[in-house]
file structure_28.pdb (PDB, C-alpha atoms and all ligand atoms)
ATOM      1  CA  MET A 207      -6.993  32.680  34.737
ATOM      2  CA  LYS A 208      -4.075  33.560  32.468
ATOM      3  CA  ILE A 209      -4.391  32.983  28.711
ATOM      4  CA  ALA A 210      -1.551  30.442  28.519
ATOM      5  CA  THR A 211      -2.914  28.435  31.459
ATOM      6  CA  LYS A 212      -6.332  28.168  29.805
ATOM      7  CA  LEU A 213      -4.755  27.282  26.518
ATOM      8  CA  LEU A 214      -2.607  24.507  28.006
ATOM      9  CA  ARG A 215      -5.545  23.094  29.928
ATOM     10  CA  TRP A 216      -7.538  22.923  26.687
ATOM     11  CA  TYR A 217      -4.551  21.380  24.876
ATOM     12  CA  ARG A 218      -4.254  18.519  27.381
ATOM     13  CA  VAL A 219      -7.790  17.443  26.469
ATOM     14  CA  HIS A 220      -8.077  18.392  22.790
ATOM     15  CA  GLY A 221      -4.470  18.479  21.487
ATOM     16  CA  ARG A 222      -3.621  16.272  18.530
ATOM     17  CA  ASP A 223      -1.461  13.216  19.134
ATOM     18  CA  LEU A 224       1.241  13.608  16.479
ATOM     19  CA  PRO A 225       4.352  11.374  16.303
ATOM     20  CA  TRP A 226       6.848  14.282  16.413
ATOM     21  CA  ARG A 227       5.270  15.503  19.639
ATOM     22  CA  HIS A 228       6.693  12.459  21.449
ATOM     23  CA  THR A 229      10.336  13.392  20.939
ATOM     24  CA  ARG A 230      12.847  16.116  21.841
ATOM     25  CA  ASN A 231      15.392  14.895  19.300
ATOM     26  CA  PRO A 232      16.397  17.998  17.250
ATOM     27  CA  TYR A 233      16.895  15.934  14.100
ATOM     28  CA  HIS A 234      13.454  14.348  14.329
ATOM     29  CA  ILE A 235      11.841  17.703  15.074
ATOM     30  CA  LEU A 236      13.595  19.358  12.144
ATOM     31  CA  VAL A 237      12.527  16.552   9.787
ATOM     32  CA  SER A 238       8.905  17.028  10.855
ATOM     33  CA  GLU A 239       9.102  20.807  10.492
ATOM     34  CA  MET A 240      10.636  20.597   7.006
ATOM     35  CA  MET A 241       7.975  18.076   5.965
ATOM     36  CA  LEU A 242       5.195  20.227   7.388
ATOM     37  CA  GLN A 243       6.210  23.235   5.277
ATOM     38  CA  GLN A 244       3.580  23.235   2.510
ATOM     39  CA  THR A 245       2.372  19.666   3.210
ATOM     40  CA  GLN A 246      -0.734  18.663   5.159
ATOM     41  CA  VAL A 247      -0.306  17.107   8.604
ATOM     42  CA  GLU A 248      -2.118  13.882   7.654
ATOM     43  CA  ARG A 249       0.213  13.348   4.729
ATOM     44  CA  VAL A 250       3.319  14.090   6.794
ATOM     45  CA  LYS A 251       2.229  11.490   9.353
ATOM     46  CA  LEU A 252       2.470   8.836   6.632
ATOM     47  CA  PHE A 253       6.022   9.790   5.724
ATOM     48  CA  TYR A 254       7.592  10.872   9.005
ATOM     49  CA  ARG A 255       7.972   7.455  10.711
ATOM     50  CA  ARG A 256       9.215   5.797   7.545
ATOM     51  CA  TRP A 257      11.809   8.536   7.042
ATOM     52  CA  ILE A 258      13.091   8.240  10.602
ATOM     53  CA  ARG A 259      13.423   4.470  10.175
ATOM     54  CA  GLN A 260      15.381   4.898   6.936
ATOM     55  CA  PHE A 261      17.538   7.847   8.067
ATOM     56  CA  PRO A 262      17.525   7.716  11.891
ATOM     57  CA  THR A 263      20.278  10.285  12.556
ATOM     58  CA  TRP A 264      21.958  13.377  11.086
ATOM     59  CA  LYS A 265      24.810  11.119  10.013
ATOM     60  CA  HIS A 266      22.621   8.642   8.136
ATOM     61  CA  LEU A 267      20.986  11.465   6.202
ATOM     62  CA  ALA A 268      24.292  13.254   5.582
ATOM     63  CA  GLN A 269      25.658  10.120   3.906
ATOM     64  CA  ALA A 270      22.547   9.340   1.819
ATOM     65  CA  SER A 271      22.673   9.737  -1.965
ATOM     66  CA  THR A 272      20.442  12.186  -3.852
ATOM     67  CA  GLN A 273      18.646   9.238  -5.418
ATOM     68  CA  GLU A 274      17.856   7.691  -2.022
ATOM     69  CA  ILE A 275      16.502  10.870  -0.480
ATOM     70  CA  ILE A 276      14.413  11.812  -3.507
ATOM     71  CA  HIS A 277      12.890   8.320  -3.513
ATOM     72  CA  ALA A 278      12.084   8.559   0.188
ATOM     73  CA  TRP A 279      10.622  12.076  -0.186
ATOM     74  CA  ALA A 280       8.499  11.185  -3.236
ATOM     75  CA  GLY A 281       4.898  12.129  -2.554
ATOM     76  CA  LEU A 282       5.647  15.038  -0.225
ATOM     77  CA  GLY A 283       6.250  17.530  -3.043
ATOM     78  CA  TYR A 284       8.413  20.689  -2.995
ATOM     79  CA  ASN A 285      11.547  18.574  -3.390
ATOM     80  CA  ARG A 286      13.933  21.449  -2.747
ATOM     81  CA  ARG A 287      13.242  20.902   0.940
ATOM     82  CA  VAL A 288      14.869  17.484   0.974
ATOM     83  CA  LEU A 289      18.116  18.708  -0.584
ATOM     84  CA  ALA A 290      18.230  21.536   1.968
ATOM     85  CA  LEU A 291      17.598  19.033   4.755
ATOM     86  CA  ARG A 292      20.524  16.870   3.670
ATOM     87  CA  ASP A 293      22.812  19.940   3.397
ATOM     88  CA  ILE A 294      21.862  20.840   6.949
ATOM     89  CA  ALA A 295      22.522  17.251   8.117
ATOM     90  CA  GLN A 296      25.978  17.369   6.499
ATOM     91  CA  LYS A 297      26.850  20.661   8.218
ATOM     92  CA  ILE A 298      25.579  19.447  11.593
ATOM     93  CA  SER A 299      27.471  16.143  11.263
ATOM     94  CA  GLN A 300      30.676  18.164  10.843
ATOM     95  CA  HIS A 301      30.124  21.069  13.220
ATOM     96  CA  GLY A 302      27.605  19.858  15.821
ATOM     97  CA  VAL A 303      24.017  20.721  16.692
ATOM     98  CA  PRO A 304      23.202  24.468  16.992
ATOM     99  CA  ARG A 305      22.299  25.608  20.504
ATOM    100  CA  THR A 306      20.404  28.850  19.920
ATOM    101  CA  GLN A 307      17.732  30.124  17.562
ATOM    102  CA  GLU A 308      20.372  32.360  15.909
ATOM    103  CA  GLU A 309      22.705  29.404  15.336
ATOM    104  CA  TRP A 310      19.869  27.421  13.721
ATOM    105  CA  MET A 311      19.088  30.381  11.485
ATOM    106  CA  ALA A 312      22.699  30.518  10.310
ATOM    107  CA  LEU A 313      22.055  27.238   8.454
ATOM    108  CA  LYS A 314      20.888  27.692   4.880
ATOM    109  CA  GLY A 315      17.255  26.634   4.466
ATOM    110  CA  ILE A 316      16.240  27.434   8.049
ATOM    111  CA  GLY A 317      14.223  30.609   8.552
ATOM    112  CA  PRO A 318      13.042  32.292  11.772
ATOM    113  CA  TYR A 319       9.957  30.105  12.116
ATOM    114  CA  THR A 320      11.765  26.750  11.747
ATOM    115  CA  ALA A 321      14.644  27.915  13.967
ATOM    116  CA  GLY A 322      12.120  28.899  16.632
ATOM    117  CA  ALA A 323      10.222  25.625  16.307
ATOM    118  CA  VAL A 324      13.327  23.445  16.761
ATOM    119  CA  SER A 325      14.549  25.648  19.633
ATOM    120  CA  VAL A 326      11.314  25.378  21.565
ATOM    121  CA  PHE A 327      10.219  21.808  20.769
ATOM    122  CA  ALA A 328      13.622  20.116  20.901
ATOM    123  CA  GLN A 329      15.622  22.356  23.214
ATOM    124  CA  LYS A 330      12.847  23.855  25.370
ATOM    125  CA  LYS A 331      13.959  27.450  24.689
ATOM    126  CA  ARG A 332      11.359  30.021  25.650
ATOM    127  CA  VAL A 333      10.664  31.323  22.142
ATOM    128  CA  LEU A 334       7.547  31.650  20.045
ATOM    129  CA  PRO A 335       7.779  30.489  16.417
ATOM    130  CA  ILE A 336       5.289  32.591  14.460
ATOM    131  CA  ASP A 337       3.692  31.006  11.421
ATOM    132  CA  THR A 338       0.401  31.861   9.662
ATOM    133  CA  ASN A 339      -1.624  29.983  12.266
ATOM    134  CA  ILE A 340      -0.032  31.504  15.341
ATOM    135  CA  ARG A 341      -0.146  34.948  13.708
ATOM    136  CA  ARG A 342      -3.870  34.545  13.140
ATOM    137  CA  VAL A 343      -4.735  33.320  16.650
ATOM    138  CA  LEU A 344      -2.511  35.713  18.590
ATOM    139  CA  GLY A 345      -3.344  38.613  16.293
ATOM    140  CA  ARG A 346      -6.956  38.081  17.284
ATOM    141  CA  VAL A 347      -6.375  37.351  20.969
ATOM    142  CA  LEU A 348      -3.689  39.907  21.804
ATOM    143  CA  LEU A 349      -4.058  42.632  19.166
ATOM    144  CA  GLY A 350      -7.781  42.443  18.498
ATOM    145  CA  LYS A 351      -7.132  42.198  14.739
ATOM    146  CA  PRO A 352      -9.551  39.770  13.063
ATOM    147  CA  PHE A 353      -7.074  39.222  10.195
ATOM    148  CA  SER A 354      -3.414  39.895  11.021
ATOM    149  CA  ASP A 355      -0.569  40.212   8.559
ATOM    150  CA  LEU A 356       3.212  39.878   8.569
ATOM    151  CA  GLN A 357       3.616  43.406   9.919
ATOM    152  CA  ASP A 358       2.079  42.257  13.183
ATOM    153  CA  ASP A 359       4.794  39.689  13.965
ATOM    154  CA  LYS A 360       6.995  42.135  15.872
ATOM    155  CA  LYS A 361       4.097  43.252  18.043
ATOM    156  CA  ILE A 362       3.049  39.645  18.666
ATOM    157  CA  GLN A 363       6.637  38.691  19.516
ATOM    158  CA  LYS A 364       6.842  41.574  22.001
ATOM    159  CA  LEU A 365       3.519  40.735  23.652
ATOM    160  CA  SER A 366       4.512  37.073  23.874
ATOM    161  CA  GLU A 367       7.140  38.086  26.448
ATOM    162  CA  ASP A 368       4.315  38.440  28.986
ATOM    163  CA  PHE A 369       2.076  35.845  27.418
ATOM    164  CA  LEU A 370       4.538  32.876  27.490
ATOM    165  CA  PRO A 371       4.898  31.360  30.967
ATOM    166  CA  HIS A 372       8.391  31.065  32.494
ATOM    167  CA  ARG A 373       7.673  27.744  34.128
ATOM    168  CA  GLY A 374       5.616  24.642  33.425
ATOM    169  CA  ALA A 375       4.934  23.436  29.900
ATOM    170  CA  TYR A 376       5.654  26.767  28.139
ATOM    171  CA  TYR A 377       7.157  24.707  25.298
ATOM    172  CA  ASP A 378       3.685  23.270  24.571
ATOM    173  CA  VAL A 379       2.095  26.709  24.083
ATOM    174  CA  PRO A 380       2.921  26.895  20.336
ATOM    175  CA  GLN A 381       1.562  23.350  19.809
ATOM    176  CA  ALA A 382      -1.638  24.373  21.594
ATOM    177  CA  LEU A 383      -1.903  27.448  19.371
ATOM    178  CA  PHE A 384      -1.452  25.327  16.216
ATOM    179  CA  ASP A 385      -4.284  23.055  17.334
ATOM    180  CA  LEU A 386      -6.555  25.920  18.278
ATOM    181  CA  ALA A 387      -5.902  27.459  14.855
ATOM    182  CA  THR A 388      -6.810  24.175  13.144
ATOM    183  CA  MET A 389      -9.884  23.289  15.195
ATOM    184  CA  THR A 390     -11.482  26.497  16.429
ATOM    185  CA  CYS A 391      -9.753  29.704  15.430
ATOM    186  CA  THR A 392      -9.912  28.953  11.721
ATOM    187  CA  LYS A 393     -10.275  31.677   9.047
ATOM    188  CA  VAL A 394     -13.898  31.976  10.101
ATOM    189  CA  PRO A 395     -13.586  31.137  13.816
ATOM    190  CA  ASP A 396     -16.023  29.314  16.031
ATOM    191  CA  CYS A 397     -15.663  31.505  19.119
ATOM    192  CA  THR A 398     -18.463  29.730  20.957
ATOM    193  CA  ARG A 399     -16.218  26.659  21.415
ATOM    194  CA  CYS A 400     -13.018  28.561  22.194
ATOM    195  CA  PRO A 401     -11.283  28.370  25.590
ATOM    196  CA  LEU A 402      -9.955  31.927  25.112
ATOM    197  CA  ARG A 403     -13.325  33.488  24.354
ATOM    198  CA  GLU A 404     -13.332  35.685  27.467
ATOM    199  CA  GLN A 405      -9.788  37.019  27.049
ATOM    200  CA  CYS A 406      -9.749  37.334  23.263
ATOM    201  CA  LYS A 407      -9.890  40.912  21.982
ATOM    202  CA  SER A 408     -11.674  39.841  18.791
ATOM    203  CA  SER A 409     -14.315  37.451  20.105
ATOM    204  CA  LYS A 410     -17.056  40.066  20.525
ATOM    205  CA  LEU A 411     -16.543  41.238  16.987
ATOM    206  CA  PHE A 412     -16.795  37.715  15.572
ATOM    207  CA  LEU A 413     -19.731  36.781  17.771
ATOM    208  CA  SER A 414     -21.583  39.872  16.525
ATOM    209  CA  GLY A 415     -21.447  38.336  13.034
ATOM    210  CA  THR A 416     -20.341  41.596  11.396
ATOM    211  CA  VAL A 417     -16.818  40.600  10.330
ATOM    212  CA  LYS A 418     -16.130  40.441   6.587
ATOM    213  CA  ILE A 419     -13.500  38.023   5.257
ATOM    214  CA  PRO A 420     -10.825  40.062   3.404
ATOM    215  CA  LYS A 421     -10.377  39.325  -0.289
ATOM    216  CA  ARG A 422      -6.709  38.377   0.186
ATOM    217  CA  MET A 423      -7.866  35.320   2.165
ATOM    218  CA  THR A 424     -10.111  34.017  -0.577
ATOM    219  CA  LYS A 425      -7.982  35.010  -3.605
ATOM    220  CA  ALA A 426      -6.851  32.217  -5.925
ATOM    221  CA  SER A 427      -3.256  31.055  -5.575
ATOM    222  CA  LYS A 428      -0.587  33.041  -7.428
ATOM    223  CA  GLU A 429       1.465  29.960  -8.294
ATOM    224  CA  ARG A 430       3.040  29.931 -11.728
ATOM    225  CA  ARG A 431       0.880  28.334 -14.440
ATOM    226  CA  HIS A 432       1.366  27.793 -18.154
ATOM    227  CA  ARG A 433      -1.348  28.757 -20.687
ATOM    228  CA  ASN A 434      -4.604  27.016 -19.868
ATOM    229  CA  LYS A 435      -3.074  24.227 -17.773
ATOM    230  CA  PRO A 436      -5.347  23.154 -14.941
ATOM    231  CA  TYR A 437      -2.520  22.820 -12.375
ATOM    232  CA  PRO A 438       0.380  25.023 -11.320
ATOM    233  CA  ASP A 439       3.873  24.204 -12.662
ATOM    234  CA  ARG A 440       4.752  22.649  -9.311
ATOM    235  CA  ILE A 441       2.492  19.669 -10.092
ATOM    236  CA  TYR A 442       4.035  19.087 -13.534
ATOM    237  CA  ARG A 443       7.554  19.413 -12.105
ATOM    238  CA  GLY A 444       6.656  16.689  -9.597
ATOM    239  CA  ARG A 445       5.402  14.483 -12.442
ATOM    240  CA  ILE A 446       8.625  14.978 -14.433
ATOM    241  CA  LEU A 447      10.662  13.961 -11.418
ATOM    242  CA  LYS A 448       8.498  10.895 -10.793
ATOM    243  CA  ILE A 449       8.875   9.718 -14.395
ATOM    244  CA  VAL A 450      12.634  10.263 -14.448
ATOM    245  CA  ARG A 451      12.864   8.371 -11.168
ATOM    246  CA  GLU A 452      10.836   5.428 -12.459
ATOM    247  CA  LYS A 453      12.288   5.172 -15.965
ATOM    248  CA  THR A 454      15.941   5.754 -14.966
ATOM    249  CA  LYS A 455      16.549   7.341 -18.382
ATOM    250  CA  ILE A 456      14.103   9.119 -20.705
ATOM    251  CA  SER A 457      14.298  11.569 -23.604
ATOM    252  CA  ILE A 458      12.992  15.133 -23.344
ATOM    253  CA  GLU A 459      10.577  14.576 -26.271
ATOM    254  CA  ALA A 460       9.019  11.499 -24.662
ATOM    255  CA  ILE A 461       8.273  13.124 -21.336
ATOM    256  CA  GLY A 462       5.753  15.800 -22.454
ATOM    257  CA  PRO A 463       2.729  13.540 -23.198
ATOM    258  CA  LEU A 464       3.489  11.507 -20.073
ATOM    259  CA  ILE A 465       3.094  14.441 -17.704
ATOM    260  CA  ASP A 466       0.183  16.114 -19.503
ATOM    261  CA  LYS A 467      -2.464  14.470 -21.699
ATOM    262  CA  THR A 468      -3.084  17.763 -23.555
ATOM    263  CA  TYR A 469       0.636  18.305 -24.259
ATOM    264  CA  ASN A 470       1.170  20.118 -27.558
ATOM    265  CA  HIS A 471       4.690  19.993 -28.902
ATOM    266  CA  HIS A 472       4.512  23.455 -30.539
ATOM    267  CA  LEU A 473       2.769  25.272 -27.723
ATOM    268  CA  ASP A 474       4.292  23.540 -24.722
ATOM    269  CA  GLN A 475       7.853  22.716 -25.723
ATOM    270  CA  VAL A 476       9.439  25.886 -24.306
ATOM    271  CA  TRP A 477       7.494  25.517 -21.064
ATOM    272  CA  MET A 478       8.599  21.897 -20.712
ATOM    273  CA  LYS A 479      12.253  22.766 -21.345
ATOM    274  CA  SER A 480      12.176  25.577 -18.808
ATOM    275  CA  MET A 481      10.822  23.230 -16.116
ATOM    276  CA  ILE A 482      13.509  20.663 -16.966
ATOM    277  CA  GLN A 483      16.151  23.366 -16.819
ATOM    278  CA  ARG A 484      14.988  24.462 -13.378
ATOM    279  CA  LEU A 485      14.960  20.890 -12.058
ATOM    280  CA  SER A 486      18.438  20.425 -13.413
ATOM    281  CA  GLN A 487      19.723  23.723 -11.893
ATOM    282  CA  GLU A 488      18.271  22.727  -8.557
ATOM    283  CA  GLY A 489      20.184  19.438  -8.674
ATOM    284  CA  PHE A 490      17.256  17.006  -8.997
ATOM    285  CA  ILE A 491      17.946  15.686 -12.483
ATOM    286  CA  LYS A 492      20.836  15.565 -14.907
ATOM    287  CA  GLN A 493      20.645  16.178 -18.611
ATOM    288  CA  LYS A 494      22.991  14.401 -20.990
ATOM    289  CA  GLY A 495      22.356  15.145 -24.655
ATOM    290  CA  ASN A 496      18.668  14.630 -25.102
ATOM    291  CA  ASN A 497      18.222  12.297 -22.149
ATOM    292  CA  LEU A 498      17.295  12.884 -18.537
ATOM    293  CA  PHE A 499      18.576  11.007 -15.475
ATOM    294  CA  LEU A 500      18.030  11.306 -11.753
TER
HETATM  295  S1  LIG B 601     -12.361  33.687  20.719
HETATM  296 FE1  LIG B 601     -12.682  33.398  18.555
HETATM  297  S2  LIG B 601     -11.263  34.779  17.554
HETATM  298 FE2  LIG B 601     -10.628  34.589  19.667
HETATM  299  S3  LIG B 601      -9.097  32.980  19.662
HETATM  300 FE3  LIG B 601     -11.043  32.023  20.115
HETATM  301  S4  LIG B 601     -11.846  31.358  18.139
HETATM  302 FE4  LIG B 601     -10.216  32.816  17.765
END

call {"tool": "encode", "arguments": {"input": "structure_28.pdb", "output": "structure tokens"}}
result
Amino acid sequence: MKIATKLLRWYRVHGRDLPWRHTRNPYHILVSEMMLQQTQVERVKLFYRRWIRQFPTWKHLAQASTQEIIHAWAGLGYNRRVLALRDIAQKISQHGVPRTQEEWMALKGIGPYTAGAVSVFAQKKRVLPIDTNIRRVLGRVLLGKPFSDLQDDKKIQKLSEDFLPHRGAYYDVPQALFDLATMTCTKVPDCTRCPLREQCKSSKLFLSGTVKIPKRMTKASKERRHRNKPYPDRIYRGRILKIVREKTKISIEAIGPLIDKTYNHHLDQVWMKSMIQRLSQEGFIKQKGNNLFL
């Protein structure tokens, strides 16, 4: 039996029931994809339905204020995504919905993966969006590489020409791969439970128990951190934004101890100002004199 057929059969029984898998609306699919970048599926599930109720169409989002969208996005993190999403909604409201993967990619904020995902899930184009999960599974199955890297994408893309069916539910193949990557073909895979065990070029290697996990997969995150702070700057930036949102107006001096209990005016002042400057350059907050506003 062909790989895709086995995969789809497995997916019908084990696939996750996620709200964005019940629609072909390009706007809804794009919202889910933007939310899923860097945010866990379980968390996105909490936000997705609420967002669609509040901003049901491209037009509703295009007309929303920065304050409204930042409020609605609060809790998802990486706020730059929501500004990009509204920019895209504004462009699409004026010029119409893109029809090809290339047209999606022409919109700022949409890379090859997202363009592929919207094309296949909303418009049923026969394309394969490659993200970390799909790279890992197909790198193992098709290339026999226990741990693939970015360089393998072109090879995977080429091999997917034969691998993706031309008929049937080819548009569900990427969803099935995501689920297999989450449930079975994880960093350290459980090949004994995998539907692709017989066809996979890496299964014997894993089942022999001789595979070593490369250091790059266990290395600590390289996110920017200040001094001995326990969290990356991203977390403190999120806290600044939350406080500015809640207090409407607050001074720069007052915000330090509110986002970090160990805040030291002499040691942390420059760090704090640089985060505020970045948030302001990115359009999240405004600075007037010594005060901050949303
Ligand atoms: S057989 Fe093992 S390595 Fe291959 S796809 Fe399945 S879980 Fe992954």

call {"tool": "closest_residue", "arguments": {"input": "structure_28.pdb", "among": "A:Leu236, A:Ile340, A:Met389, A:Leu242", "to": "Ala321 of chain A", "atoms": "only C-alpha atoms"}}
result
A:Leu236

call {"tool": "closest_atom_pairs", "arguments": {"input": "structure_28.pdb", "of": "chain A", "to": "ligand LIG 601 (chain B)", "cutoff": "7 Å", "atoms": "only C-alpha atoms and all ligand atoms", "output": "Markdown table"}}
result
| residue | atom | partner | partner_atom | distance |
| --- | --- | --- | --- | --- |
| A:Val343 | CA | B:LIG601 | S3 | 5.3 |
| A:Arg346 | CA | B:LIG601 | S2 | 5.4 |
| A:Val347 | CA | B:LIG601 | FE2 | 5.2 |
| A:Pro352 | CA | B:LIG601 | S2 | 6.9 |
| A:Thr390 | CA | B:LIG601 | S4 | 5.2 |
| A:Cys391 | CA | B:LIG601 | S4 | 3.8 |
| A:Pro395 | CA | B:LIG601 | S4 | 4.7 |
| A:Asp396 | CA | B:LIG601 | S4 | 5.1 |
| A:Cys397 | CA | B:LIG601 | FE1 | 3.6 |
| A:Cys400 | CA | B:LIG601 | FE3 | 4.5 |
| A:Pro401 | CA | B:LIG601 | FE3 | 6.6 |
| A:Leu402 | CA | B:LIG601 | FE3 | 5.1 |
| A:Arg403 | CA | B:LIG601 | S1 | 3.8 |
| A:Cys406 | CA | B:LIG601 | FE2 | 4.6 |
| A:Lys407 | CA | B:LIG601 | FE2 | 6.8 |
| A:Ser408 | CA | B:LIG601 | S2 | 5.2 |
| A:Ser409 | CA | B:LIG601 | S1 | 4.3 |
| A:Phe412 | CA | B:LIG601 | S2 | 6.6 |

call {"tool": "closest_atom_pairs", "arguments": {"input": "structure_28.pdb", "of": "segment 282-396 of chain A", "to": "segment 211-218 of chain A", "cutoff": "9 Å", "atoms": "all atoms listed in the file", "output": "tab-separated table"}}
result
residue	atom	partner	partner_atom	distance
A:Pro371	CA	A:Thr211	CA	8.4
A:Ala375	CA	A:Leu214	CA	7.8
A:Tyr376	CA	A:Leu214	CA	8.6
A:Asp378	CA	A:Leu214	CA	7.3
A:Val379	CA	A:Leu214	CA	6.5
A:Gln381	CA	A:Tyr217	CA	8.2
A:Ala382	CA	A:Tyr217	CA	5.3
A:Leu383	CA	A:Leu213	CA	7.7
A:Asp385	CA	A:Tyr217	CA	7.7
A:Leu386	CA	A:Tyr217	CA	8.3

call {"tool": "closest_residue", "arguments": {"input": "structure_28.pdb", "among": "A:Leu224, A:Val394, A:Leu500, A:Ala270", "to": "Leu252 of chain A", "atoms": "all atoms listed in the file"}}
result
A:Leu224

call {"tool": "residues_around", "arguments": {"input": "structure_28.pdb", "residues": "Arg292 of chain A", "least_positions_apart": "3", "cutoff": "7 Å", "atoms": "only C-alpha atoms", "output": "list in words"}}
result
Leu267, Ala268, Val288, Leu289, Ala295 and Gln296 of chain A

call {"tool": "resolve_selection", "arguments": {"input": "structure_28.pdb", "expression": "the PyMOL selection byres (((chain A and resi 430-434) around 12) and not hetatm)", "output": "list in words"}}
result
Ala426, Ser427, Lys428, Glu429, Lys435, Pro436, Tyr437, Pro438, Asp439, Arg440, Ile441, Tyr442, Arg443, Asp466, Thr468, Tyr469, Asn470, Leu473, Asp474, Gln475, Val476, Trp477, Met478, Ser480 and Met481 of chain A

call {"tool": "resolve_selection", "arguments": {"input": "structure_28.pdb", "expression": "the PyMOL selection byres (((chain A and resi 339) around 8) and not hetatm)", "output": "ChimeraX atom specification"}}
result
/A:336-338,340-343,383-384,387-388

call {"tool": "write_last_selection", "arguments": {"input": "structure_28.pdb", "atoms": "C-alpha atoms", "output": "mmCIF file, keeping the file's coordinate frame"}}
result
data_model
loop_
_atom_site.group_PDB
_atom_site.id
_atom_site.type_symbol
_atom_site.label_atom_id
_atom_site.label_comp_id
_atom_site.auth_asym_id
_atom_site.auth_seq_id
_atom_site.Cartn_x
_atom_site.Cartn_y
_atom_site.Cartn_z
ATOM 1 C CA ILE A 336 5.289 32.591 14.460
ATOM 2 C CA ASP A 337 3.692 31.006 11.421
ATOM 3 C CA THR A 338 0.401 31.861 9.662
ATOM 4 C CA ILE A 340 -0.032 31.504 15.341
ATOM 5 C CA ARG A 341 -0.146 34.948 13.708
ATOM 6 C CA ARG A 342 -3.870 34.545 13.140
ATOM 7 C CA VAL A 343 -4.735 33.320 16.650
ATOM 8 C CA LEU A 383 -1.903 27.448 19.371
ATOM 9 C CA PHE A 384 -1.452 25.327 16.216
ATOM 10 C CA ALA A 387 -5.902 27.459 14.855
ATOM 11 C CA THR A 388 -6.810 24.175 13.144
#

call {"tool": "atom_distance", "arguments": {"input": "structure_28.pdb", "atom1": "atom CA of Glu309 of chain A", "atom2": "atom CA of Leu344 of chain A"}}
result
26.2 Å

call {"tool": "residues_around", "arguments": {"input": "structure_28.pdb", "residues": "segment 278-280 of chain A", "least_positions_apart": "6", "cutoff": "8 Å", "atoms": "all atoms listed in the file", "output": "NGL selection string"}}
result
:A and (253 or 257 or 288 or 448)

call {"tool": "residues_near_point", "arguments": {"input": "structure_28.pdb", "point": "(18.8, 25.3, 29.0)", "cutoff": "10 Å", "atoms": "only C-alpha atoms", "output": "compact mmCIF listing (two decimals) with C-alpha atoms, keeping the file's coordinate frame"}}
result
# COMPACT_ATOMS: atom_id res chain seq x y z
CA ARG A 305 22.30 25.61 20.50
CA THR A 306 20.40 28.85 19.92
CA GLN A 329 15.62 22.36 23.21
CA LYS A 330 12.85 23.86 25.37
CA LYS A 331 13.96 27.45 24.69
CA ARG A 332 11.36 30.02 25.65

call {"tool": "atom_distance", "arguments": {"input": "structure_28.pdb", "atom1": "atom CA of Gln307 of chain A", "atom2": "atom CA of Pro335 of chain A"}}
result
10.0 Å

call {"tool": "closest_residue", "arguments": {"input": "structure_28.pdb", "among": "A:Lys410, A:Tyr254, A:Asn497, A:Gln487", "to": "Gly350 of chain A", "atoms": "all atoms listed in the file"}}
result
A:Lys410

call {"tool": "resolve_selection", "arguments": {"input": "structure_28.pdb", "expression": "the PyMOL selection byres (((chain A and resi 320) around 12) and not hetatm)", "output": "PyMOL selection string"}}
result
chain A and resi 232+235-243+291+307-319+321-328+333-337

call {"tool": "write_last_selection", "arguments": {"input": "structure_28.pdb", "atoms": "C-alpha atoms", "output": "tab-separated table (two decimals), keeping the file's coordinate frame"}}
result
chain	number	residue	atom	x	y	z
A	232	PRO	CA	16.40	18.00	17.25
A	235	ILE	CA	11.84	17.70	15.07
A	236	LEU	CA	13.60	19.36	12.14
A	237	VAL	CA	12.53	16.55	9.79
A	238	SER	CA	8.90	17.03	10.86
A	239	GLU	CA	9.10	20.81	10.49
A	240	MET	CA	10.64	20.60	7.01
A	241	MET	CA	7.98	18.08	5.96
A	242	LEU	CA	5.20	20.23	7.39
A	243	GLN	CA	6.21	23.24	5.28
A	291	LEU	CA	17.60	19.03	4.76
A	307	GLN	CA	17.73	30.12	17.56
A	308	GLU	CA	20.37	32.36	15.91
A	309	GLU	CA	22.70	29.40	15.34
A	310	TRP	CA	19.87	27.42	13.72
A	311	MET	CA	19.09	30.38	11.48
A	312	ALA	CA	22.70	30.52	10.31
A	313	LEU	CA	22.06	27.24	8.45
A	314	LYS	CA	20.89	27.69	4.88
A	315	GLY	CA	17.26	26.63	4.47
A	316	ILE	CA	16.24	27.43	8.05
A	317	GLY	CA	14.22	30.61	8.55
A	318	PRO	CA	13.04	32.29	11.77
A	319	TYR	CA	9.96	30.10	12.12
A	321	ALA	CA	14.64	27.92	13.97
A	322	GLY	CA	12.12	28.90	16.63
A	323	ALA	CA	10.22	25.62	16.31
A	324	VAL	CA	13.33	23.44	16.76
A	325	SER	CA	14.55	25.65	19.63
A	326	VAL	CA	11.31	25.38	21.56
A	327	PHE	CA	10.22	21.81	20.77
A	328	ALA	CA	13.62	20.12	20.90
A	333	VAL	CA	10.66	31.32	22.14
A	334	LEU	CA	7.55	31.65	20.05
A	335	PRO	CA	7.78	30.49	16.42
A	336	ILE	CA	5.29	32.59	14.46
A	337	ASP	CA	3.69	31.01	11.42

call {"tool": "atom_distance", "arguments": {"input": "structure_28.pdb", "atom1": "atom CA of Asn496 of chain A", "atom2": "atom CA of Gly281 of chain A"}}
result
26.5 Å
